[in-house]
$ cat protein_3.tsv   # TSV, C-alpha atoms
chain	number	residue	atom	x	y	z
M	769	MET	CA	69.32	88.19	114.14
M	770	TYR	CA	72.50	86.16	114.40
M	771	LYS	CA	73.34	84.10	111.31
M	772	LEU	CA	74.04	80.39	111.67
M	773	LEU	CA	75.93	78.06	109.33
M	774	ILE	CA	75.25	74.32	109.66
M	775	VAL	CA	78.05	71.97	108.60
M	776	ASP	CA	77.33	68.22	108.42
M	777	ASP	CA	77.82	65.55	105.76
M	778	GLU	CA	74.48	63.88	106.54
M	779	PRO	CA	71.55	65.57	104.71
M	780	GLY	CA	69.06	64.32	107.30
M	781	ILE	CA	70.94	65.99	110.14
M	782	ARG	CA	71.42	69.20	108.18
M	783	ASN	CA	67.69	69.35	107.44
M	784	GLY	CA	66.78	68.41	111.00
M	785	LEU	CA	68.94	71.19	112.45
M	786	ALA	CA	67.61	73.70	109.92
M	787	CYS	CA	64.02	72.85	110.91
M	788	LEU	CA	64.53	73.57	114.61
M	789	ASP	CA	62.76	76.66	115.96
M	790	TRP	CA	65.65	79.15	115.91
M	791	ASN	CA	63.62	82.38	115.78
M	792	PRO	CA	62.92	82.67	119.53
M	793	LEU	CA	66.68	82.48	120.07
M	794	ASN	CA	67.25	85.42	117.70
M	795	ILE	CA	69.05	83.10	115.28
M	796	GLU	CA	68.39	82.41	111.61
M	797	VAL	CA	69.87	79.60	109.52
M	798	ALA	CA	71.85	81.28	106.75
M	799	ALA	CA	72.96	78.08	105.01
M	800	SER	CA	73.85	74.44	105.47
M	801	VAL	CA	76.83	72.73	103.78
M	802	GLU	CA	78.24	69.21	103.65
M	803	ASN	CA	81.87	69.64	104.81
M	804	GLY	CA	84.52	71.99	106.14
M	805	LEU	CA	85.82	73.02	102.71
M	806	ALA	CA	82.34	74.07	101.59
M	807	ALA	CA	81.96	75.97	104.87
M	808	MET	CA	85.18	77.94	104.33
M	809	LYS	CA	84.16	78.81	100.76
M	810	TYR	CA	80.81	80.06	102.04
M	811	LEU	CA	82.47	82.11	104.82
M	812	GLU	CA	84.78	83.84	102.34
M	813	LYS	CA	81.74	85.55	100.80
M	814	ASN	CA	79.26	85.75	103.69
M	815	ASN	CA	79.18	87.01	107.26
M	816	ILE	CA	78.32	84.36	109.84
M	817	ASP	CA	78.04	84.65	113.63
M	818	ILE	CA	77.67	80.99	114.63
M	819	VAL	CA	78.88	77.71	113.14
M	820	ILE	CA	77.63	74.31	114.26
M	821	THR	CA	79.83	71.62	112.78
M	822	ASP	CA	80.01	67.85	112.74
M	823	ILE	CA	83.41	66.36	113.60
M	824	LYS	CA	83.55	63.35	111.25
M	825	MET	CA	83.18	64.53	107.62
M	826	PRO	CA	84.90	63.83	104.29
M	827	VAL	CA	87.08	66.32	102.35
M	828	MET	CA	87.66	68.56	105.40
M	829	ASP	CA	86.53	67.31	108.80
M	830	GLY	CA	85.26	69.36	111.71
M	831	LEU	CA	88.58	69.41	113.56
M	832	GLU	CA	90.38	71.01	110.61
M	833	LEU	CA	87.49	73.40	110.05
M	834	ILE	CA	87.65	74.48	113.71
M	835	GLU	CA	91.37	75.25	113.34
M	836	LYS	CA	90.77	77.29	110.17
M	837	LEU	CA	87.85	79.14	111.71
M	838	HIS	CA	90.02	80.08	114.67
M	839	GLU	CA	92.52	81.68	112.26
M	840	PHE	CA	89.87	83.12	109.95
M	841	ASN	CA	87.70	84.85	112.55
M	842	ASN	CA	87.90	83.98	116.23
M	843	ASN	CA	84.74	85.98	116.97
M	844	ILE	CA	82.60	83.28	115.33
M	845	ALA	CA	80.94	81.12	118.00
M	846	ILE	CA	81.62	77.45	117.18
M	847	ILE	CA	79.53	74.52	118.39
M	848	ALA	CA	81.00	71.07	117.76
M	849	LEU	CA	78.58	68.20	117.06
M	850	SER	CA	79.60	64.56	117.20
M	851	GLY	CA	78.29	61.04	117.59
M	852	TYR	CA	81.41	60.16	119.58
M	853	ASP	CA	82.05	61.07	123.21
M	854	ASP	CA	85.80	61.11	122.60
M	855	PHE	CA	88.09	62.99	125.01
M	856	GLU	CA	90.60	63.74	122.22
M	857	TYR	CA	87.89	65.50	120.25
M	858	VAL	CA	86.87	67.49	123.31
M	859	LYS	CA	90.47	68.42	124.07
M	860	HIS	CA	90.97	69.64	120.49
M	861	CYS	CA	87.82	71.74	120.71
M	862	LEU	CA	88.92	73.29	124.01
M	863	LYS	CA	92.29	74.19	122.49
M	864	TYR	CA	90.58	76.27	119.82
M	865	SER	CA	88.02	77.89	122.14
M	866	VAL	CA	84.99	76.02	120.81
M	867	PHE	CA	81.94	77.32	122.64
M	868	ASP	CA	80.40	73.90	123.34
M	869	TYR	CA	80.51	70.23	122.36
M	870	LEU	CA	77.16	68.52	121.74
M	871	LEU	CA	76.52	64.83	121.23
M	872	LYS	CA	74.28	63.16	118.67
M	873	PRO	CA	71.41	62.46	118.90
M	874	LEU	CA	70.78	66.03	119.92
M	875	ASP	CA	68.95	66.64	123.18
M	876	ILE	CA	66.50	69.50	122.55
M	877	ASP	CA	66.77	70.97	126.06
M	878	GLU	CA	70.55	70.89	125.85
M	879	TRP	CA	70.43	72.44	122.37
M	880	ARG	CA	68.22	75.30	123.58
M	881	ALA	CA	70.30	75.97	126.71
M	882	THR	CA	73.53	75.95	124.69
M	883	PHE	CA	72.33	78.39	122.07
M	884	GLU	CA	70.76	80.68	124.67
M	885	ARG	CA	74.26	80.98	126.15
M	886	VAL	CA	75.74	81.51	122.67
M	887	VAL	CA	73.37	84.41	122.02
M	888	GLU	CA	74.09	85.91	125.44
M	889	HIS	CA	77.81	85.68	124.67
M	890	LEU	CA	77.38	87.35	121.25
M	891	ASP	CA	75.17	90.07	122.75
M	892	LYS	CA	77.97	90.94	125.19
M	893	ILE	CA	80.55	91.10	122.40
M	894	SER	CA	78.24	93.23	120.26
M	895	GLY	CA	77.52	95.59	123.18
M	896	LYS	CA	81.22	96.02	123.89
M	897	GLU	CA	81.99	96.80	120.24
M	898	GLU	CA	79.20	99.38	120.07
M	899	ASN	CA	80.42	100.94	123.29
M	900	ASP	CA	84.00	101.09	121.97
M	901	ILE	CA	82.77	102.77	118.80
M	902	GLU	CA	80.78	105.33	120.81
M	903	ILE	CA	83.80	106.07	123.01
M	904	LYS	CA	86.06	106.57	119.99
M	905	ALA	CA	83.49	108.80	118.29
M	906	HIS	CA	83.03	110.86	121.46
M	907	SER	CA	86.81	111.17	121.83
M	908	LYS	CA	87.21	112.36	118.22
M	909	ASN	CA	84.38	114.89	118.59
M	910	HIS	CA	85.97	116.19	121.78
M	911	ILE	CA	89.35	116.65	120.07
M	912	VAL	CA	87.85	118.42	117.06
M	913	GLN	CA	85.78	120.74	119.25
M	914	ALA	CA	88.76	121.56	121.47
M	915	ALA	CA	90.91	122.31	118.41
M	916	PHE	CA	88.21	124.45	116.82
M	917	ASP	CA	87.60	126.40	120.04
M	918	TYR	CA	91.31	127.18	120.34
M	919	MET	CA	91.54	128.20	116.67
M	920	LYS	CA	88.55	130.57	117.02
M	921	LYS	CA	90.28	132.35	119.90
M	922	HIS	CA	93.73	132.50	118.32
M	923	TYR	CA	93.20	132.66	114.52
M	924	SER	CA	94.73	136.16	114.45
M	925	GLU	CA	98.04	134.74	115.74
M	926	GLN	CA	100.66	132.79	113.78
M	927	ILE	CA	99.39	129.43	115.00
M	928	THR	CA	100.30	126.07	113.47
M	929	LEU	CA	98.95	122.55	113.70
M	930	SER	CA	101.61	121.79	116.30
M	931	THR	CA	100.62	124.86	118.33
M	932	VAL	CA	97.01	123.73	118.51
M	933	ALA	CA	97.94	120.09	119.20
M	934	GLU	CA	100.20	121.15	122.08
M	935	HIS	CA	97.48	123.25	123.70
M	936	ILE	CA	94.82	120.53	123.54
M	937	TYR	CA	97.28	117.75	124.49
M	938	ALA	CA	97.00	115.83	121.21
M	939	ASN	CA	99.47	114.28	118.81
M	940	PRO	CA	99.81	116.60	115.74
M	941	THR	CA	99.61	113.73	113.24
M	942	TYR	CA	96.54	112.28	114.93
M	943	LEU	CA	94.91	115.72	115.19
M	944	SER	CA	95.48	116.32	111.48
M	945	ARG	CA	93.87	112.99	110.58
M	946	VAL	CA	90.90	113.47	112.92
M	947	LEU	CA	90.20	116.99	111.61
M	948	LYS	CA	90.16	115.67	108.06
M	949	GLU	CA	87.94	112.71	108.97
M	950	GLU	CA	85.43	114.72	111.01
M	951	THR	CA	85.25	118.00	109.03
M	952	GLY	CA	86.44	117.05	105.55
M	953	MET	CA	89.04	119.84	105.79
M	954	GLY	CA	92.67	119.94	106.80
M	955	PHE	CA	94.07	122.26	109.49
M	956	SER	CA	95.22	124.98	107.05
M	957	GLU	CA	91.89	125.07	105.27
M	958	LEU	CA	89.98	125.32	108.55
M	959	LEU	CA	92.20	128.13	109.79
M	960	THR	CA	91.86	130.02	106.51
M	961	LYS	CA	88.09	129.64	106.61
M	962	LEU	CA	87.99	131.10	110.13
M	963	ARG	CA	90.17	134.03	109.07
M	964	ILE	CA	88.17	134.79	105.93
M	965	GLU	CA	84.85	134.71	107.82
M	966	ALA	CA	86.28	137.07	110.44
M	967	ALA	CA	87.59	139.36	107.68
M	968	LYS	CA	84.15	139.52	106.03
M	969	LYS	CA	82.60	140.77	109.26
M	970	LYS	CA	85.30	143.39	109.76
M	971	LEU	CA	85.03	144.61	106.15
M	972	LYS	CA	81.45	145.68	106.87
M	973	ASN	CA	82.80	148.23	109.31
M	974	PRO	CA	84.33	151.17	107.38
M	975	LYS	CA	86.44	152.28	110.34
M	976	TYR	CA	88.91	149.44	109.61
M	977	LYS	CA	91.43	149.83	106.80
M	978	ILE	CA	92.16	146.78	104.63
M	979	ASN	CA	95.73	146.44	105.90
M	980	GLU	CA	94.48	146.64	109.50
M	981	ILE	CA	91.95	143.87	108.87
M	982	SER	CA	94.70	141.82	107.25
M	983	GLU	CA	96.77	141.92	110.45
M	984	GLN	CA	93.74	141.41	112.70
M	985	VAL	CA	92.90	138.11	111.02
M	986	GLY	CA	96.45	136.80	111.00
M	987	TYR	CA	97.93	137.96	107.68
M	988	MET	CA	100.94	140.23	108.10
M	989	ASN	CA	101.21	140.76	104.34
M	990	PRO	CA	98.15	142.65	102.96
M	991	ARG	CA	98.89	141.54	99.39
M	992	TYR	CA	98.84	137.89	100.45
M	993	PHE	CA	95.64	138.53	102.40
M	994	THR	CA	94.04	139.94	99.23
M	995	TYR	CA	95.18	136.90	97.25
M	996	ILE	CA	93.75	134.42	99.80
M	997	PHE	CA	90.52	136.40	100.22
M	998	LYS	CA	89.90	136.43	96.46
M	999	LYS	CA	90.74	132.74	96.19
M	1000	TYR	CA	88.09	131.82	98.74
M	1001	THR	CA	85.38	134.41	97.97
M	1002	GLY	CA	85.88	135.19	94.30
M	1003	CYS	CA	86.43	138.89	94.91
M	1004	THR	CA	89.00	141.17	96.52
M	1005	PRO	CA	88.49	142.69	99.98
M	1006	TYR	CA	87.95	146.08	98.29
M	1007	SER	CA	85.22	144.70	96.00
M	1008	TYR	CA	83.58	142.86	98.90
M	1009	ARG	CA	83.46	146.08	100.92
M	1010	SER	CA	82.03	148.02	97.99
M	1011	GLU	CA	79.29	145.48	97.45
$ encode --input "protein_3.tsv" --output "structure tokens"
Amino acid sequence: MYKLLIVDDEPGIRNGLACLDWNPLNIEVAASVENGLAAMKYLEKNNIDIVITDIKMPVMDGLELIEKLHEFNNNIAIIALSGYDDFEYVKHCLKYSVFDYLLKPLDIDEWRATFERVVEHLDKISGKEENDIEIKAHSKNHIVQAAFDYMKKHYSEQITLSTVAEHIYANPTYLSRVLKEETGMGFSELLTKLRIEAAKKKLKNPKYKINEISEQVGYMNPRYFTYIFKKYTGCTPYSYRSE
């Protein structure tokens, strides 16, 4: 449900607004406060989707609150509430993209129609954000899979992060970051893991000599291959073959 903050210096109006039937609109009243300053303090610690605010209030009035809300989080839907049908107030609200301007006393049909539109607006924003997140996630998964597929085919060669990035049409820095985010491993660690797993399989076949396996999995120096293999498996290639 969308969370609503009520801001009005009159307790009767705050209570009256809080008692309206918000549930069918998928809205719940999170809190009600007496002025703009109290509203900003509340917003610093709590997430709110909708603010309905009076214009005339002490300490910090609705006009100043609207300005601060616009700077603080312009995704919050703001409804201005006033007992004055003043064009200057309306103009100010329009300047700061206030969703609607309602007059006191509140007309119930107008209230319901306004907040139905607010919820529809927030649903669209929420849907777009979820879609953007899905697209980004899909894009990252695609990049990681493309990189991994290339590495599996070419691990025996002297490939680098830049080599892989060039072949999958990605920026090397971005590829490095995405690999780390999605797999928990950097490029070098992933490549080493592929090489060691391939070496393990080859070591089971006695027809291959250790130095041949070393070259086949991308290590031109057999001594370095032995060092890396032991580092990752806890034993040398010779011991692994014996076992």
$ residues_around --input "protein_3.tsv" --residues "M:Lys970" --least-positions-apart "4" --cutoff "10 Å" --atoms "all atoms listed in the file" --output "MDAnalysis selection string"
chainID M and resid 964:966 974:978 980:982 984:985 1009
$ closest_atom_pairs --input "protein_3.tsv" --of "stretch 861-914 of chain M" --to "stretch 795-799 of chain M" --cutoff "10 Å" --atoms "all atoms listed in the file" --output "JSON lines"
{"residue": "M:Phe883", "atom": "CA", "partner": "M:Ile795", "partner_atom": "CA", "distance": 8.9}
{"residue": "M:Glu884", "atom": "CA", "partner": "M:Ile795", "partner_atom": "CA", "distance": 9.8}
{"residue": "M:Val887", "atom": "CA", "partner": "M:Ile795", "partner_atom": "CA", "distance": 8.1}
$ atom_distance --input "protein_3.tsv" --atom1 "atom CA of M:Gln926" --atom2 "atom CA of M:Phe955"
13.1 Å
$ residues_around --input "protein_3.tsv" --residues "M:Phe916" --least-positions-apart "4" --cutoff "10 Å" --atoms "all atoms listed in the file" --output "list in words"
His910, Ile911, Val912, Lys920, Lys921, His922, Tyr923, Val932, Leu947, Phe955, Leu958, Leu959 and Leu962 of chain M
$ atom_distance --input "protein_3.tsv" --atom1 "atom CA of M:His935" --atom2 "atom CA of M:Ala915"
8.5 Å
$ residues_around --input "protein_3.tsv" --residues "stretch 778-786 of chain M" --least-positions-apart "3" --cutoff "12 Å" --atoms "all atoms listed in the file" --output "NGL selection string"
:M and (771-775 or 789-791 or 795-803 or 819-826 or 849-851 or 872-876 or 879-880)
$ closest_residue --input "protein_3.tsv" --among "M:Ile996, M:Ile846, M:Leu971, M:Met769" --to "M:Ser894" --atoms "all atoms listed in the file"
M:Met769
$ atom_distance --input "protein_3.tsv" --atom1 "atom CA of M:Arg963" --atom2 "atom CA of M:Ile927"
11.9 Å
$ closest_residue --input "protein_3.tsv" --among "M:Asp891, M:Glu925, M:Asp777, M:Asp877" --to "M:Met988" --atoms "only C-alpha atoms"
M:Glu925
